[in-house]
Amino acid sequence: MNALISADLLRRLEQLQLLAVRRSKSSLKGERRSRARGLSVEFADHRNYVLGDDLRYLDWNLLGRLDRLFLKLYEEERELPVRIFLDASESMSFGFPAKFDFARQVAAGIGYVALCGFDRVGLTIFPDAAAQRLSPAENLTESAARGALRTVRGRKSSLGYFQNLHALHAGGAAQFNPALKRGAMEARQAGIAVVLSDFLDPDGYEEGLKALVGRGFQVYAVQILAPEELDPSTFGDLRLVDSETGKEQDVTFGKFRLASYQASVAKYVQRLREFCKGRGIAFFSVSSSADLGDLLLQQLRAAEVWG
Amino acid sequence: MNFLSPIGFAFAAALPVVVGFYLLKRKRVVRVVPSTLLWQRFLAENQANSPFQKLRNQALLWLQLLLLALAVLALARPYFSGTTGKSSLQVVILDASASMQATDESPSRFGRAQSEAIKLIDGLKTGFGSGDQQMLVLVAGATAEVRQGATSDRAALRRAVQAARATDSSTRLGDALRVAESLTRDLPQSEIHLFSDGAGVDLKEFEQHDLPLLFHRIGKRSENAGIASLDVKISPEDPSQRAIFTSVVNYGIQPLISTIELRFNGQLVETKPITVPVGTATPLVFLAQQGEDGVFAVRLPLADDLLADNEARAVSLLPRPIHVGLISRGNRFLEKALAASSPLVDVTVLPDYRPNDPRFDVTVLDDVSPGFWPPGNVLAFHVASTNWFEGPISVIDSPAIVDWRNTHPLLRFVGFDTVQIAQSLAVKAPGWGIPLVDSPSAPLLLAGELGRQRIVWVGFDVLQSTWPLRLSFPIFVANAVQWLNPATVAANRAFLHPGDAIRLPLASPPENSSPVSRLDHAVLLRPDGQKVTLPIDPLARDLVYASTDIQGIYQLSIGTNRTDFAVNLLDANESRIQPGDALNMGRRGDVLPASLKRANLESWRWFALAALAVMALEWWWFHRRTA
């Protein structure tokens with residue numbers, strides 16, 4: 001657990017709660033206000049008594065005053081489904097520290113805040129475990145961890161949540177769009193969707209994000225790039241091999257072209273940022289070497305992801 | 001455009017190498033990256049840079065080939081002849097000496113000099129306005145000749161250069177440089193272009209002159225042997241035979257082993273083998289019978305670089321008796337010395353000379369003033385009553401002999417070390433003669449030519465001295481008879497070097513005849529077959545012809561009289577055709593060949609600059625694609 005997130009950070013995260021812009025649409029009880037009427041301490045409305053209603057909810061004061069039967073209605077408090085899409089593709093295994101490690105830390109932080117708020121956390125990890133070249137034993141462990149992470153609820157589950165996160169491996173091609181689309185369709189209720197990825201899929205990221213937004217998710221996109229990607233230090237005549245597709249490309253790269261490369265990266269990130277902004281997606285781009293506390297406690301808080 | 005270092009083109013071999021680099025795949029470091037997505041723009045560019053064995057049409061390739069081509073051109077040091085900057089007057093001097101006929105350059109050194117000069121002419125900036133340049137062509141052969149005055153007319157300059165011919169003369173650049181100096185003295189922006197092999201050139205006289213001289217050296221090597229001297233004399237052993245003295249010099253790089261031919265009037269007389277070590281001269285003597293007047297010619301049958309010095313000729317006339325008249329009151333020393341001076345001498349002793357006496361070839365006056373002055377050449381001892389001297393004639397006692405000029409033919413092998421004189425006449429040295437023996441106060445022996453008369457004047461009576469007892473006395477008398485003999489004078493006159501004037505004394509018309517009775521013209525047949533008619537001035541005493549620029553026999557005919565003149569190079573310095581490394585200007589230093597000067601005319605800097613510009617363009621081009 002400590003490998004993912006420090007105790008100090010956990011303590012500070014405990015004080016936070018996810019802020020949902022929309023009312024929860026979950027069917028399960030929780031601590032979030034919802035449009036549904038149910039049992040809680042928050043009065044919502046009155047309605048006429050009909051035969052068969054629970055007499056415990058009769059408004060006796062109104063009966064005495066008006067001599068008519070009214071039933072008191074209360075707001076139902078439901079849970080907030082938090083779905084985290086974790087990119088575990090091969091490209092995420094790069095960087096020092098690895099992008100995947102940083103992504104897991106972020107997932108752990110967000111998940112912990114959600115679990116502390118009695119929200120349900122669901123982790124969608126893509127690509128599938130089968131795409132990863134693991135040994136049978138590792139595959140078994142991986143599958144078990146993924147299965148366990150599919151739905152996690154309650155603060156007590158946080159330890160298991162962290163352990164399962166720790167057991168994950170990165171590998172295989174991302175398949176970003178299919179993964180997000182499937183996640184959007186599978187979700188019974190929309191909630192908060194956090195996408196942790198480097199967004200470096202040759203097939204793009206637009207369809208997947210659109211699907212989430214279209215399903216009604218409140219989407220947070222966190223792009224994690226390795227320091228090496230932002231500031232490459234290898235120069236010369238290179239033959240670049242794409243870690244996911246295996247495609248080879250020749251590049252002559254020197255220090256004099258660094259600025260050009262960085263401009264290219266900035267342009268890519270900016271395009272992603274603008275795409276997100278246009279669809280109401282909160283976007284964060286961080287380096288895997290960035291301070292986790294700064295991201296969780298400062299940036300996400302400033303963006304009112306939680307408060 | 002020409003190139004100073006054509007070897008620089010060897011670097012052009014690098015051009016295919018550049019193309020080869022583009023054909024070769026680059027060896028690349030394989031590196032796995034998370035995604036090539038961020039490298040897309042670099043990938044797209046680089047795909048064009050990866051020909052994969054197939055050459056693609058790339059601007060970078062062309063730029064690099066252009067850059068390399070310009071660099072190769074710059075290395076070859078191109079130059080444009082004649083682009084000599086701002087000089088307003090250029091004086092072209094073509095060395096037309098015999099060594100310029102050497103064929104180590106193609107077609108000859110002179111031909112090469114002509115083509116170089118024409119390149120200079122082609123580069124002449126002509127046109128309207130202040131940038132107009134003028135050029136002047138001087139040919140320095142036997143004489144310095146302005147072939148074309150200062151002009152901007154390239155065609156006229158080219159014609160002048162093309163019409164010039166090399167002569168058989170020795171190198172005489174001094175006159176040409178003096179002319180050039182006078183022309184360029186007041187023009188600070190002027191240049192003198194000297195096209196020469198620099199062989200046998202000595203310009204020490206110009207060491208104090210600031211000549212704007214550019215030396216264009218012509219010539220590659222020295223592979224030459226030649227005849228350096230030739231003389232024909234009566235054989236000392238057998239007066240009926242002729243001794244032909246000659247010497248052969250070898251300035252080649254290998255010892256000369258060859259033969260040398262002697263011809264008389266074109267007929268082969270004798271052939272001798274000859275071996276001449278490198279850098280030395282080997283003397284040789286031929287003995288030959290001579291039945292008539294004619295021309296002896298020696299010839300080296302060689303095909304070396306310079307043919308002009310492989311043959312020499314000498315006009316040899318049959319010896320005639322020398323009639324010597326000794327006007328003396330009696331001097332047995334002198335009589336015996338005269339009789340022994342030559343086997344051909346016929347001495348007549350007279351106490352005085354009268355008008356009816358025969359005309360002598362040489363008249364010797366021994367302390368006698370004759371009643372009638374004898375015509376012809378005179379050897380006078382202690383004769384005061386003449387009109388040869390200006391001023392009073394005094395007498396000095398016991399004059400000491402302090403100096404004598406033994407380089408003169410008269411004093412050859414003659415010394416005055418042990419000669420004492422009791423008394424001598426003291427005269428002031430006249431303008432016609434040079435003192436050969438000097439005392440501290442007056443000349444004791446004078447020799448010279450007054451009018452057409454050769455005179456040797458000895459100021460003292462030989463009987464008043466110890467000279468007749470010395471060996472030098474008969475030698476002197478023999479030398480004097482030889483020097484005064486009209487036949488020797490004629491023979492000397494007939495032996496010339498190119499550029500020397502042919503001079504033939506004309507017989508004085510009789511007093512009572514009209515000047516017009518003399519023939520009014522002479523015909524000269526030159527060695528090249530050309531016939532020249534020379535008008536004879538009725539009042540002239542000599543017939544002179546100066547255009548002896550080629551060697552050979554010049555036949556001068558006046559009426560039925562024919563006189564031959566032999567013009568020979570016979571110059572060991574000219575036979576040494578090794579191109580000079582520099583022109584020696586005395587203390588001023590040497591003028592190096594114009595390659596250094598010509599650096600100003602070179603255009604490699606422009607090519608290097610262009611290469612730099614292309615390099616910058618290539619750099620910019622490369623980065624423009626990546627920016």
# chains A, B, ... in the order shown; residues from 1 in each chain; ligands from 1
$ interface_residues --of "chain A" --to "chain B" --cutoff "6 Å" --atoms "only C-alpha atoms" --output "count of residues only"
10
$ residues_around --residues "Phe199 (chain A)" --least-positions-apart "3" --cutoff "10 Å" --atoms "only C-alpha atoms" --output "list in words"
Asp87, Ser91, Met92, Ala174, Phe176, Val195, Leu196, Pro202, Asp203, Gly204, Tyr205, Glu206, Ala221, Val222, Gln223, Ile224, Leu225, Tyr268, Val269 and Leu272 of chain A; Leu37 of chain B
$ residues_around --residues "region 221-229 of chain B" --least-positions-apart "5" --cutoff "7 Å" --atoms "only C-alpha atoms" --output "list in words"
Asp104, Thr246, Ser247, Val248, Val249, Asn250, Tyr251, Gly252, Ile253, Asp304, Asp305, Leu306, Asp309, Asn310, Glu311, Ala312, Leu570, Asp571, Ala572, Ser575, Ile577, Gln578 and Pro579 of chain B
$ select_by_dssp --residues "region 291-421 of chain B" --states "helix (DSSP H, G or I)" --output "short mmCIF file (atom, residue, chain, number, x, y, z; two decimals) with C-alpha atoms, in the first residue's frame"
data_model
loop_
_atom_site.label_atom_id
_atom_site.label_comp_id
_atom_site.auth_asym_id
_atom_site.auth_seq_id
_atom_site.Cartn_x
_atom_site.Cartn_y
_atom_site.Cartn_z
CA ARG B 332 116.73 45.03 -85.26
CA PHE B 333 114.58 44.04 -82.33
CA LEU B 334 111.56 45.35 -84.08
CA GLU B 335 112.49 43.89 -87.44
CA LYS B 336 112.97 40.44 -85.97
CA ALA B 337 109.83 40.65 -83.90
CA LEU B 338 107.82 41.69 -86.96
CA ALA B 339 109.28 38.95 -89.10
CA ALA B 340 108.47 36.37 -86.44
CA SER B 341 105.00 37.68 -85.74
CA PRO B 409 93.69 41.50 -77.56
CA LEU B 410 96.80 43.59 -77.93
CA LEU B 411 98.09 42.68 -74.50
#
$ select_by_dssp --residues "region 399-539 of chain B" --states "strand (DSSP E)" --output "PyMOL selection string"
chain B and resi 403-404+423-426+433-438+443-450+453-458+495-496+502-505+521-525+531-535
$ residues_around --residues "region 192-195 of chain B" --least-positions-apart "2" --cutoff "6 Å" --atoms "only C-alpha atoms" --output "MDAnalysis selection string"
chainID B and resid 90:94 113 212:216
$ atom_distance --atom1 "CA of Gln464 (chain B)" --atom2 "CA of Ser424 (chain B)"
8.7 Å
$ residues_around --residues "Arg112 (chain B)" --least-positions-apart "6" --cutoff "8 Å" --atoms "only C-alpha atoms" --output "PyMOL selection string"
chain B and resi 105-106+218
$ closest_residue --among "B:Thr271, B:Ser196, B:Ser316, B:Gln114" --to "Leu230 (chain B)" --atoms "only C-alpha atoms"
B:Ser316
$ closest_atom_pairs --of "region 108-178 of chain A" --to "region 273-293 of chain A" --cutoff "12 Å" --atoms "only C-alpha atoms" --output "tab-separated table"
residue	atom	partner	partner_atom	distance
A:Ala108	CA	A:Leu292	CA	10.8
A:Gly109	CA	A:Leu292	CA	9.0
A:Ile110	CA	A:Leu292	CA	11.3
$ write_last_selection --atoms "N, CA and C atoms" --output "PDB file, in the first residue's frame"
ATOM      1  N   ALA A 108      -5.346   5.162  -6.967  1.00  0.00           N
ATOM      2  CA  ALA A 108      -5.469   4.838  -5.553  1.00  0.00           C
ATOM      3  C   ALA A 108      -6.008   6.041  -4.775  1.00  0.00           C
ATOM      4  N   GLY A 109      -5.483   7.221  -5.101  1.00  0.00           N
ATOM      5  CA  GLY A 109      -5.914   8.429  -4.389  1.00  0.00           C
ATOM      6  C   GLY A 109      -7.380   8.726  -4.624  1.00  0.00           C
ATOM      7  N   ILE A 110      -7.774   8.681  -5.869  1.00  0.00           N
ATOM      8  CA  ILE A 110      -9.170   9.001  -6.187  1.00  0.00           C
ATOM      9  C   ILE A 110     -10.091   7.934  -5.591  1.00  0.00           C
TER      10      ILE A 110
END
$ atom_distance --atom1 "CA of Ala96 (chain B)" --atom2 "CA of Ala144 (chain B)"
9.4 Å
$ residues_around --residues "region 6-16 of chain B" --least-positions-apart "5" --cutoff "10 Å" --atoms "only C-alpha atoms" --output "list in words"
Phe21, Tyr22, Gln64, Leu65, Leu66, Leu67, Leu68, Ala69, Leu70, Ala71, Val72, Leu73, Ala74, Leu75, Ala76, Arg77 and Pro78 of chain B
$ atom_distance --atom1 "CA of Ser472 (chain B)" --atom2 "CA of Asp403 (chain B)"
15.0 Å
$ decode --residues "region 296-340 of chain B" --atoms "N, CA and C atoms" --output "CSV table (one decimal), in the first residue's frame"
chain,number,residue,atom,x,y,z
B,296,PHE,N,82.9,27.8,-92.3
B,296,PHE,CA,83.0,26.6,-91.5
B,296,PHE,C,81.7,26.5,-90.6
B,297,ALA,N,81.2,25.4,-90.5
B,297,ALA,CA,80.0,25.2,-89.6
B,297,ALA,C,80.2,24.0,-88.7
B,298,VAL,N,80.0,24.1,-87.4
B,298,VAL,CA,80.0,23.0,-86.5
B,298,VAL,C,78.5,22.7,-86.1
B,299,ARG,N,78.2,21.5,-86.0
B,299,ARG,CA,76.8,21.1,-85.7
B,299,ARG,C,76.7,20.0,-84.7
B,300,LEU,N,75.8,20.1,-83.8
B,300,LEU,CA,75.5,19.0,-82.9
B,300,LEU,C,74.3,18.3,-83.4
B,301,PRO,N,74.3,17.1,-83.9
B,301,PRO,CA,73.1,16.5,-84.4
B,301,PRO,C,72.2,15.9,-83.2
B,302,LEU,N,71.7,16.9,-82.5
B,302,LEU,CA,70.9,16.5,-81.3
B,302,LEU,C,69.4,17.0,-81.5
B,303,ALA,N,68.5,16.3,-80.8
B,303,ALA,CA,67.2,16.8,-80.8
B,303,ALA,C,66.8,17.2,-79.4
B,304,ASP,N,67.6,18.2,-78.8
B,304,ASP,CA,67.3,18.6,-77.5
B,304,ASP,C,66.2,19.7,-77.5
B,305,ASP,N,66.0,20.3,-76.3
B,305,ASP,CA,64.9,21.3,-76.2
B,305,ASP,C,65.2,22.5,-77.0
B,306,LEU,N,66.4,22.9,-77.2
B,306,LEU,CA,66.7,24.1,-77.9
B,306,LEU,C,67.7,23.8,-79.0
B,307,LEU,N,67.1,24.0,-80.2
B,307,LEU,CA,67.9,23.7,-81.4
B,307,LEU,C,68.8,24.9,-81.9
B,308,ALA,N,68.5,26.1,-81.4
B,308,ALA,CA,69.2,27.3,-81.9
B,308,ALA,C,70.6,27.2,-81.6
B,309,ASP,N,71.0,26.6,-80.5
B,309,ASP,CA,72.5,26.6,-80.2
B,309,ASP,C,73.2,25.4,-80.6
B,310,ASN,N,72.6,24.6,-81.5
B,310,ASN,CA,73.2,23.3,-81.9
B,310,ASN,C,74.1,23.5,-83.1
B,311,GLU,N,74.1,24.7,-83.7
B,311,GLU,CA,74.9,24.9,-84.9
B,311,GLU,C,75.5,26.3,-84.8
B,312,ALA,N,76.8,26.4,-85.2
B,312,ALA,CA,77.5,27.7,-85.3
B,312,ALA,C,78.3,27.8,-86.6
B,313,ARG,N,78.4,29.0,-87.1
B,313,ARG,CA,79.2,29.1,-88.3
B,313,ARG,C,80.2,30.2,-88.2
B,314,ALA,N,81.2,30.1,-89.0
B,314,ALA,CA,82.3,31.1,-89.0
B,314,ALA,C,82.7,31.3,-90.4
B,315,VAL,N,82.8,32.6,-90.8
B,315,VAL,CA,83.3,32.9,-92.2
B,315,VAL,C,84.8,32.8,-92.1
B,316,SER,N,85.4,32.1,-93.0
B,316,SER,CA,86.9,32.0,-93.0
B,316,SER,C,87.4,32.3,-94.4
B,317,LEU,N,88.2,33.3,-94.4
B,317,LEU,CA,88.8,33.8,-95.7
B,317,LEU,C,90.2,33.2,-95.8
B,318,LEU,N,90.6,32.9,-97.0
B,318,LEU,CA,92.0,32.4,-97.2
B,318,LEU,C,93.0,33.4,-96.7
B,319,PRO,N,94.0,32.9,-96.0
B,319,PRO,CA,95.0,33.9,-95.5
B,319,PRO,C,95.8,34.6,-96.6
B,320,ARG,N,96.0,35.8,-96.4
B,320,ARG,CA,96.7,36.6,-97.4
B,320,ARG,C,98.0,37.1,-96.8
B,321,PRO,N,99.0,37.4,-97.5
B,321,PRO,CA,100.2,37.9,-96.9
B,321,PRO,C,99.9,39.3,-96.3
B,322,ILE,N,100.6,39.5,-95.2
B,322,ILE,CA,100.4,40.8,-94.5
B,322,ILE,C,101.6,41.7,-94.8
B,323,HIS,N,101.4,42.7,-95.6
B,323,HIS,CA,102.5,43.6,-95.9
B,323,HIS,C,102.7,44.6,-94.8
B,324,VAL,N,103.8,44.5,-94.2
B,324,VAL,CA,104.1,45.4,-93.1
B,324,VAL,C,105.3,46.3,-93.6
B,325,GLY,N,105.1,47.6,-93.4
B,325,GLY,CA,106.2,48.6,-93.7
B,325,GLY,C,106.7,49.1,-92.4
B,326,LEU,N,108.0,48.9,-92.2
B,326,LEU,CA,108.7,49.4,-91.0
B,326,LEU,C,109.4,50.7,-91.4
B,327,ILE,N,109.0,51.8,-90.9
B,327,ILE,CA,109.7,53.1,-91.2
B,327,ILE,C,110.6,53.3,-90.0
B,328,SER,N,111.8,53.1,-90.2
B,328,SER,CA,112.7,53.1,-89.0
B,328,SER,C,114.1,53.5,-89.5
B,329,ARG,N,114.8,54.1,-88.5
B,329,ARG,CA,116.2,54.4,-88.7
B,329,ARG,C,117.0,53.2,-88.4
B,330,GLY,N,116.4,52.1,-88.0
B,330,GLY,CA,117.1,50.9,-87.8
B,330,GLY,C,116.8,50.4,-86.4
B,331,ASN,N,116.1,49.2,-86.3
B,331,ASN,CA,115.8,48.7,-85.0
B,331,ASN,C,115.6,47.2,-85.3
B,332,ARG,N,116.7,46.5,-85.0
B,332,ARG,CA,116.7,45.0,-85.3
B,332,ARG,C,115.8,44.2,-84.4
B,333,PHE,N,115.6,44.7,-83.2
B,333,PHE,CA,114.6,44.0,-82.3
B,333,PHE,C,113.2,44.0,-83.0
B,334,LEU,N,112.9,45.2,-83.5
B,334,LEU,CA,111.6,45.4,-84.1
B,334,LEU,C,111.5,44.6,-85.4
B,335,GLU,N,112.5,44.6,-86.2
B,335,GLU,CA,112.5,43.9,-87.4
B,335,GLU,C,112.3,42.4,-87.2
B,336,LYS,N,113.1,41.9,-86.2
B,336,LYS,CA,113.0,40.4,-86.0
B,336,LYS,C,111.6,40.1,-85.4
B,337,ALA,N,111.1,40.9,-84.5
B,337,ALA,CA,109.8,40.7,-83.9
B,337,ALA,C,108.7,40.7,-85.0
B,338,LEU,N,108.8,41.6,-85.9
B,338,LEU,CA,107.8,41.7,-87.0
B,338,LEU,C,107.9,40.5,-87.9
B,339,ALA,N,109.1,40.1,-88.2
B,339,ALA,CA,109.3,39.0,-89.1
B,339,ALA,C,108.8,37.7,-88.5
B,340,ALA,N,108.9,37.6,-87.1
B,340,ALA,CA,108.5,36.4,-86.4
B,340,ALA,C,107.0,36.4,-86.1
